[in-house]
Amino acid sequence: MRKGRKALLWGICGLVLAFVISAVTLSTLSDGKYLKELARDKARQEWSRDLMIGDLSLQLFPYPRLHAKHVMLSNPDWARDKHLFDAEDMQVEFAFLPLLTGKFVVSGLHFDGLKANFNVANDGRRSWDFPGEKALSSFSMALTTLNAKDSRVRFRRGNDEASTWQIKSLRAGGNQDLHDVEFDMQLERDNHLLQLDGKIDDLSPFGQQGAVSNGVISAKSGQATATISGKIPLDLAMHDFDLVVAIDAPSTQEFFGFLGKKQGAPAPLKASVTLHTVNRKTEFKDLKLQLGKMNLSGEGQLNLRGKRPVFSAQLQADRVDMIQTFLDAGQPPFPPKKPGQLFRDNPLAWHLLVALNGSEGKIDADIAVLKLRSGIEVTDASAKISFNDDRMTVNKFSGKLLGGTAAGDAFFDGRRKAVQLNLQMQDATLEQWFKQTGKSTDISGGKMKVDAKITALGTTMNELAATVTGPVDIQLGPAKIFSPKAGQAEFWLTGLFSAKDSDRVDLSCISARLPFRSGLAEGEGIVGARSDASQLLTRGNIDLRDQTLDLHGRVRARSGVNLGISSFASGVKITGQLVKPEMSLDESAALGAIARVGAAIFTSGLSIVATSIWDGANPESDPCQQVFSDKAKAADNKAKRQAPD
């Protein structure tokens, strides 16, 4: 019994002592002026920051807490925003038991009207980094609750414009040792909402180098959802983590609006990837991306350990429609081409290459079906690409198109906006080119062989075309052009007595040897053509600077007795825009035509018949072969030597 009384007495004494200590501590807390001076001095001493507090009061019930208004902590001098944070209303909750020993342990923070300004300098300094990562030594943190409402966060990098997010609400809670932390947050930007929810197993090592914790974070904006799970990085440098990222978005319009982008992806988007990072080396695998009807997969890595970033990737896609895929990704449609132009005037993406300056890498890409903007489909398309600073080398590309094959290599210089291209095409047909590009003319056959070795400079495709330098050789095999208009033209050019049908042209071959120099190809015999009834060898030029051609030549009958216009005036010209050239009689042959008509009148046409018989028996050599003759090439070389640099 006495032992019980003694224990009770000691308990009463202990309780009285606790209240005495608590009273002394609370009397210190109740002195707002003293506490403001203490906090201000410590902030200046340990953080080199200015701390300003307006009204400050103490509330004891139901638990000890400080209520402060107009609390401001300054940013470093170099920051563009004056304050790191500015809170209209702030409550700080303290754990009760540590107060009994004179310690201030912060257990809860509540903000209303908080304005946070995070600045990053051009050299990488961050306004939220403190010297030695010190906290005020008179206080310690054991947060179990964190709340904020009607607040704002602003992020600014260098001299760029700031990005601002409104915090509609933030609620976070967990154990005193920051284990099992759960949170939910609602952010708003430009009237677009983003809901964040998550759970982190252990948040206590937050900010420590290499710190991670198991957890899951989900985000929802409109119909779009994203989930991050695994070992989540707690180090702001994000040196180590192991994550699975998944996105499911029937529409991304709301999410892109939250990011400040005017257009999102109108097509459904699904994606997932596994990310594994150790000491700034990230490997990604099991990449799956579905955008509209396109499915992409792959793997790769990014190494940031060295002096420069190094990346590599292996990517595969089932079908890429360049027009539709860009529309699905939210890009605006390209404007139509201007009348008479081969290409659009929209700038090429040189800036993407320039952005890679200071890095190196390689990408191996394979696409089962690639549909170009022209409508041409390339199957089994593959490319091996390497990057070094702002220069991209396509070491090898190949594919099947238009019934044949294409292969080659290329080099792109981002800063110079320069291109080097070697292209070889075999067995592709004119028939498939007309069909896939939507041309109305009906053609069958016409196998093509193309060999091009060119260089060019320019911001747009039209500018590149205007500077093309190098040889382009084109050979076209037999083809049938089903066109009454073309058939009638050849009929009148080559023979009134011809038995050939006039509803088509039976083309034997076309050859073009185009020695481009700064967008201009000119010379003798640069384009030749041959049909079952006629043949043509032209001189003149093809000018990609204004995208015109001016070719002149003589149409001759291949065989038989013919009484066509060519018997009187064999000179023809092909002129106009490359997209729609026109063929007409050559005025330069007018005198010859008059003489031949006169001879026909005086000889009752006998001279015409004799000439036609001779032409049929002794046709000129094949113009398709003459184009590539040694004589033609020698004339080109002479012209090059005489041309000014």
# chains A, B, ... in the order shown; residues from 1 in each chain; ligands from 1

$ select_by_dssp --residues "stretch 172-283 of chain A" --states "strand (DSSP E or B)" --output "PyMOL selection string"
chain A and resi 172-173+179-189+192-202+212-221+224-233+241-249+269-278+281-283

$ residues_around --residues "A:Lys400" --least-positions-apart "2" --cutoff "9 Å" --atoms "only C-alpha atoms" --output "count of residues only"
13

$ residues_around --residues "stretch 456-470 of chain A" --least-positions-apart "4" --cutoff "9 Å" --atoms "only C-alpha atoms" --output "PyMOL selection string"
chain A and resi 341-350+416-421+452+514-521+543-547

$ closest_residue --among "A:Arg319, A:Arg373, A:Lys307, A:Arg415" --to "A:Pro336" --atoms "only C-alpha atoms"
A:Arg373

$ select_by_dssp --residues "stretch 147-353 of chain A" --states "helix (DSSP H, G or I)" --output "list in words"
Gln253, Glu254, Phe255, Phe256, Gly257, Phe258, Met322, Ile323, Gln324, Thr325, Phe326, Leu327, Asp328, Trp350, His351, Leu352 and Leu353 of chain A

$ write_last_selection --atoms "C-alpha atoms" --output "JSON list (two decimals), in the first residue's frame"
[["chain", "number", "residue", "atom", "x", "y", "z"],
["A", 253, "GLN", "CA", -6.64, 17.70, -74.88],
["A", 254, "GLU", "CA", -7.10, 18.57, -71.19],
["A", 255, "PHE", "CA", -3.59, 17.45, -70.24],
["A", 256, "PHE", "CA", -1.93, 19.40, -73.05],
["A", 257, "GLY", "CA", -3.99, 22.41, -72.02],
["A", 258, "PHE", "CA", -2.60, 22.05, -68.48],
["A", 322, "MET", "CA", 3.29, 10.68, -91.96],
["A", 323, "ILE", "CA", 0.23, 12.87, -92.53],
["A", 324, "GLN", "CA", -2.11, 11.02, -90.17],
["A", 325, "THR", "CA", 0.48, 10.39, -87.45],
["A", 326, "PHE", "CA", 1.32, 14.09, -87.23],
["A", 327, "LEU", "CA", -2.38, 14.93, -87.08],
["A", 328, "ASP", "CA", -2.90, 12.26, -84.38],
["A", 350, "TRP", "CA", 16.55, 21.71, -88.30],
["A", 351, "HIS", "CA", 16.08, 23.06, -84.75],
["A", 352, "LEU", "CA", 15.68, 19.51, -83.45],
["A", 353, "LEU", "CA", 19.15, 18.64, -84.72]]

$ closest_residue --among "A:Thr225, A:Ser57, A:Thr274, A:Gln424" --to "A:Thr252" --atoms "only C-alpha atoms"
A:Thr225

$ atom_distance --atom1 "atom CA of A:Leu578" --atom2 "atom CA of A:Lys338"
13.2 Å

$ residues_around --residues "stretch 118-123 of chain A" --least-positions-apart "6" --cutoff "7 Å" --atoms "only C-alpha atoms" --output "ChimeraX atom specification"
/A:79,84,154-158

$ residues_around --residues "A:Ala383" --least-positions-apart "2" --cutoff "8 Å" --atoms "only C-alpha atoms" --output "list of chain:residue names"
A:Asp364, A:Ala365, A:Asp366, A:Ala381, A:Ile385, A:Val394, A:Asn395, A:Lys396, A:Phe397, A:Ser398

$ closest_residue --among "A:Lys168, A:Ser359, A:Gly408, A:Ala249" --to "A:Leu302" --atoms "only C-alpha atoms"
A:Ser359

$ atom_distance --atom1 "atom CA of A:Lys447" --atom2 "atom CA of A:Gly571"
28.2 Å

$ residues_around --residues "A:Trp47" --least-positions-apart "2" --cutoff "7 Å" --atoms "only C-alpha atoms" --output "PDB file with C-alpha atoms, in the first residue's frame"
ATOM      1  CA  ALA A  43      17.368  32.400 -41.127  1.00  0.00           C
ATOM      2  CA  ARG A  44      19.967  35.089 -41.755  1.00  0.00           C
ATOM      3  CA  GLN A  45      22.717  33.195 -39.908  1.00  0.00           C
ATOM      4  CA  ARG A  49      17.977  34.597 -46.259  1.00  0.00           C
ATOM      5  CA  PHE A 130      20.323  26.111 -48.773  1.00  0.00           C
ATOM      6  CA  PRO A 131      23.951  26.287 -47.571  1.00  0.00           C
TER       7      PRO A 131
END

$ atom_distance --atom1 "atom CA of A:Lys281" --atom2 "atom CA of A:Leu304"
5.9 Å

$ residues_around --residues "A:Val245" --least-positions-apart "3" --cutoff "7 Å" --atoms "only C-alpha atoms" --output "PyMOL selection string"
chain A and resi 227-229+272-274

$ write_last_selection --atoms "C-alpha atoms" --output "mmCIF file, in the first residue's frame"
data_model
loop_
_atom_site.group_PDB
_atom_site.id
_atom_site.type_symbol
_atom_site.label_atom_id
_atom_site.label_comp_id
_atom_site.auth_asym_id
_atom_site.auth_seq_id
_atom_site.Cartn_x
_atom_site.Cartn_y
_atom_site.Cartn_z
ATOM 1 C CA THR A 227 0.654 5.981 -63.287
ATOM 2 C CA ILE A 228 4.223 5.791 -61.984
ATOM 3 C CA SER A 229 5.094 2.872 -59.722
ATOM 4 C CA SER A 272 4.095 2.026 -71.160
ATOM 5 C CA VAL A 273 7.816 1.742 -70.439
ATOM 6 C CA THR A 274 10.149 0.380 -67.773
#

$ closest_residue --among "A:Gly525, A:Gly358, A:Gly330, A:Gly438" --to "A:Gly375" --atoms "only C-alpha atoms"
A:Gly438

$ closest_residue --among "A:Ile200, A:Ile167, A:Leu243, A:Met72" --to "A:Met185" --atoms "only C-alpha atoms"
A:Ile167
